[in-house]
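Scroll down for the structure; my scribbles are underneath it.
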Amino acid sequence: MTEKQYKAFISYRHIEPDMQVAERLQKMIETYKPPKELGLTFENRRVFRDVSELPTSGNLGDDIRTALEHSEFLIAICSPEYPRSKWCMEELRYFLELHGGHNDRILTLLVDGKPEQSFPEELCYSIKETLNEAGETVTVHTKIEPLAANIVMPTKKESLAKLKTEFLRLAAPMLGCGFDDLYRREKKRAAQRRHRRLGLAFAVLGVIAAISITSAVTIMGKNREIETKNQTLSIENARHLATESEAQYEKKELISSIHSALEALPQDGEDKPVVPEAEYALARALGAFDYQQMSPVHQLEHKATVEDITFAGEGQTIVSQDATGIYVWDAQTGRLLHKYTGQDEEFRSDSAVSEDSLSLWYEPILSIRESLTGSNGNGKFRLSLHAAFGILRVDRMKSTEPEISLQKHPVYLYNSDKIVWRLDESTGDILWKAGISDQAYGYTDIFFLSDGIVRIYHERVEPPAGYIIWNGEGERTFAEWVDPETGKVTETVDVTPLVGKSKLWPLNLEIQTFSDKEIRCSYYDSFFVCPIKEGVVIPSKETEILSQDVSFSDMEKYADWYVLDQALVRTCPTNSQATLMGLFQPYEIVRFDDKGTTELWKTTVKDLIYSPDAMVYFSAEDSGNYTDLLAIIGDEKIAVIDARTGEVIHEYLFDYEIVTFYYSQNGILYVITGNGQEIALILSGIEKGQNFYFADLTGEFAMPVAAGAYYDHHYVTPIKMIMLHIFKRL
């Protein structure tokens, strides 16, 4: 295609709010920089808007026609006044004429009114050439519903705020990518920006705090100096005891080593500083872990920034993704087995809404059962109570057998049409394909659950009598269950009573579980269970919230739900402004009964920026604790909660972001932090009232890491962003 002078021509009425929206939209397009992970750029960002681009010559018609001829896209800012404008309609029709009557390069932005009032008739039909029964090429006009960015809100201020998100619906086709892909990467980039701003804010606060502390010390004078000297002497004494403990440990005098380390640490109610050297000396004296260095064994090269990684097939393969496609590697040799892309014939999308894209979904391997030699202990550690001090002792047991994943971990690919392929986790070959069902006009959403897949679609119906033009889309919405073993649709449920006759699946309505008897859903801070009768969902009173308008800026209603095998837990931020600014704040943690109707307990975890990345449930039976535990895993913090009462038992703070984690059911939680350290938390054998908890460095990479996956003593992590390295414990 010949390079156009303009990326887009904005067609709009010279009235408010259309004029202000057009001006704002022009600036957004001309200054927009796509996320680097997409590998795309706006080579030409110039936008024609008649107020800013029209020369002062008197020949208005010729200038506009020239601009239309040299524009790649036309953006129609639609309102009820737009179809009534003679000049707007001439611009639209001339652009259609230039493109052979096809409207696939016309983008719409709804600023006021309803779609049926605001969209010109020319945008409600598509032209397609096909063969008739005689084999002749004929042109068919098919009725469509234009896919529009929608910023209709009660006030102009709210509309302009919503444009920041809806703008991406216009940018995606101009970039040649899918909206979902662009939106996901923009959210990731926004989170990174918040982290950077937060770092700067803390740096400024650090300077202010330093100045304040200095001033306070000066004012307090000699009394403060005396107190500081006493504190320094106390720290030096603690370090001396820690050094003595280390020396005793080297001489194999373990009991004396533990005594010295304990003396260096504060006892109950004692005003004594805690020094890291003393904590380390005690952990080493107790023999908690053997430190291990991670050594790289293979290098896996990619074409763009690595976005996702996982082990699959009991550790036999590694599946990764970058902007160019999805890779399957042999984990033992590092050999590339397959690369799948959205441009492959098998995975191409028939949708005209977005370009070909291929997405990856997998069940991460987080829970393992560690198989050991020896007769003592349940899992990788032998746990015993030290008779002298009543402290849990943990001895590392050497394993000669491989670790075993506790459950299946399927790997799926899906494209823009919501067609799904399952891969053989051991080879990367395609096991099955779940295509578009005959009853489906088109899929609106897809949910990957731990035991299968749910796809949402609008029904396909035959045209009523007398209709010549008919697109086949019905008004009812269905949910279908795809069996994970065969890829066959085994259950279909009419969910129209739940969502109404909407053309879109409600934003943030998440299906959590699906069966032939009920559907369990979460919607912002609500959770409800809908029974199924004769293939039709029966909504409850709680589902009436779906008909209410929820503001995108009302973050206090936003919640994350965690449907664990043993618990149903909801998290909510307590401060909407702090969430938007990326600041630390308390999060409310609530546990419900399995129906989500009865609150069992409520607690608060402080110093979280965003909703927890994950939760891990340790049963008392498996871990040997006095109660069931719930580990809340945040960005740089892990909170351990009594799963029966909601009491916060202990909190672990890390200096760097938690990159990934894995755990064993017997109560060992391994954490990988951004500075390349593997840290083990022992959540096993805990007694009520215990005030000492273990966290020890068990391994270290040669460099910082940004992401990672683990299986059977091996890690895979990106180095220099486009290179994956496989690490093995030495």
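By convention in this document, the chains of the structure tokens carry letters A, B, ... by their order, each chain's residues are numbered from 1, and ligands are numbered from 1 in the order they are shown.
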
>> From a backbone DSSP assignment, name each residue in range 400-462 of chain A labelled strand (DSSP E or B), as a PyMOL selection string.
In response: chain A and resi 403-405+411-415+420-423+430-434+440-449+452-460

>> Excluding Asp322 in chain A and its own-chain neighbours fewer than 2 positions away, which residues fall within 8 Å of it when counting only C-alpha atoms? Please give them as a PyMOL selection string.
In response: chain A and resi 37+302-308+320+324-326

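Of all the residues in range 559-712 of chain A, the ones DSSP labels as alpha helix (DSSP H) from the backbone are Ser576, Gln577, Ala578, Thr579, Leu580, Met581, Ala620, Glu621, Asp622 and Ser623 of chain A.
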
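Taking CA of Ile127 in chain A and CA of Thr108 in chain A as the two end points, the separation is 17.6 Å.
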
> What separation in Å, quoted to one decimal, exists between CA of Glu129 in chain A and CA of Pro173 in chain A?
Replying inline: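 These two atoms are separated by 22.4 Å.
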
> Which of these residues is nearest to Glu69 in chain A, using only C-alpha atoms: A:Tyr82, A:Tyr94, A:Phe447, A:Phe311?
Replying inline: A:Tyr94

> Which neighbours of Ile419 in chain A fall inside 7 Å, counting only C-alpha atoms, when residues of the same chain fewer than 2 positions from it are skipped, and could you give them as a PyMOL selection string?
Replying inline: chain A and resi 414-415+417+421+434-436

> Which residues come within 6 Å of range 38-51 of chain A, counting only C-alpha atoms, excluding same-chain residues fewer than 2 positions away, as a PyMOL selection string?
Replying inline: chain A and resi 6-10+30+35-36+53-54+323

Given the selection you just returned, output its residues as a file containing N, CA and C atoms, formatted as a PDB file, in the first residue's frame.
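That gives us selection17.pdb:
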ATOM      1  N   TYR A   6      -1.844  11.084   5.740  1.00  0.00           N
ATOM      2  CA  TYR A   6      -2.479  11.120   7.055  1.00  0.00           C
ATOM      3  C   TYR A   6      -2.808   9.705   7.514  1.00  0.00           C
ATOM      4  N   LYS A   7      -2.648   9.478   8.805  1.00  0.00           N
ATOM      5  CA  LYS A   7      -3.075   8.197   9.383  1.00  0.00           C
ATOM      6  C   LYS A   7      -4.591   8.134   9.447  1.00  0.00           C
ATOM      7  N   ALA A   8      -5.220   9.256   9.759  1.00  0.00           N
ATOM      8  CA  ALA A   8      -6.678   9.254   9.892  1.00  0.00           C
ATOM      9  C   ALA A   8      -7.238  10.635   9.560  1.00  0.00           C
ATOM     10  N   PHE A   9      -8.478  10.637   9.098  1.00  0.00           N
ATOM     11  CA  PHE A   9      -9.269  11.838   8.831  1.00  0.00           C
ATOM     12  C   PHE A   9     -10.415  11.825   9.839  1.00  0.00           C
ATOM     13  N   ILE A  10     -10.522  12.866  10.673  1.00  0.00           N
ATOM     14  CA  ILE A  10     -11.596  12.919  11.668  1.00  0.00           C
ATOM     15  C   ILE A  10     -12.773  13.687  11.083  1.00  0.00           C
ATOM     16  N   GLU A  30      -1.697  11.431  17.611  1.00  0.00           N
ATOM     17  CA  GLU A  30      -0.418  11.950  17.139  1.00  0.00           C
ATOM     18  C   GLU A  30       0.709  11.811  18.169  1.00  0.00           C
ATOM     19  N   PRO A  35       2.982   0.059  23.227  1.00  0.00           N
ATOM     20  CA  PRO A  35       3.914  -0.705  24.075  1.00  0.00           C
ATOM     21  C   PRO A  35       4.977  -1.409  23.240  1.00  0.00           C
ATOM     22  N   LYS A  36       6.218  -1.388  23.707  1.00  0.00           N
ATOM     23  CA  LYS A  36       7.317  -1.977  22.948  1.00  0.00           C
ATOM     24  C   LYS A  36       7.117  -3.456  22.689  1.00  0.00           C
ATOM     25  N   GLU A  53      -6.035  21.602  10.076  1.00  0.00           N
ATOM     26  CA  GLU A  53      -5.310  21.284   8.846  1.00  0.00           C
ATOM     27  C   GLU A  53      -5.780  22.085   7.633  1.00  0.00           C
ATOM     28  N   LEU A  54      -6.957  22.688   7.698  1.00  0.00           N
ATOM     29  CA  LEU A  54      -7.519  23.349   6.521  1.00  0.00           C
ATOM     30  C   LEU A  54      -6.816  24.670   6.236  1.00  0.00           C
ATOM     31  N   ALA A 323       5.956 -11.337  21.243  1.00  0.00           N
ATOM     32  CA  ALA A 323       5.014 -10.664  20.345  1.00  0.00           C
ATOM     33  C   ALA A 323       4.896 -11.354  18.997  1.00  0.00           C
TER      34      ALA A 323
END

>> For a quick check of understanding, using only C-alpha atoms, which of A:Val21, A:Glu97, A:Lys114, A:Glu510 has the smallest distance to Glu158 in chain A?
In response: A:Val21
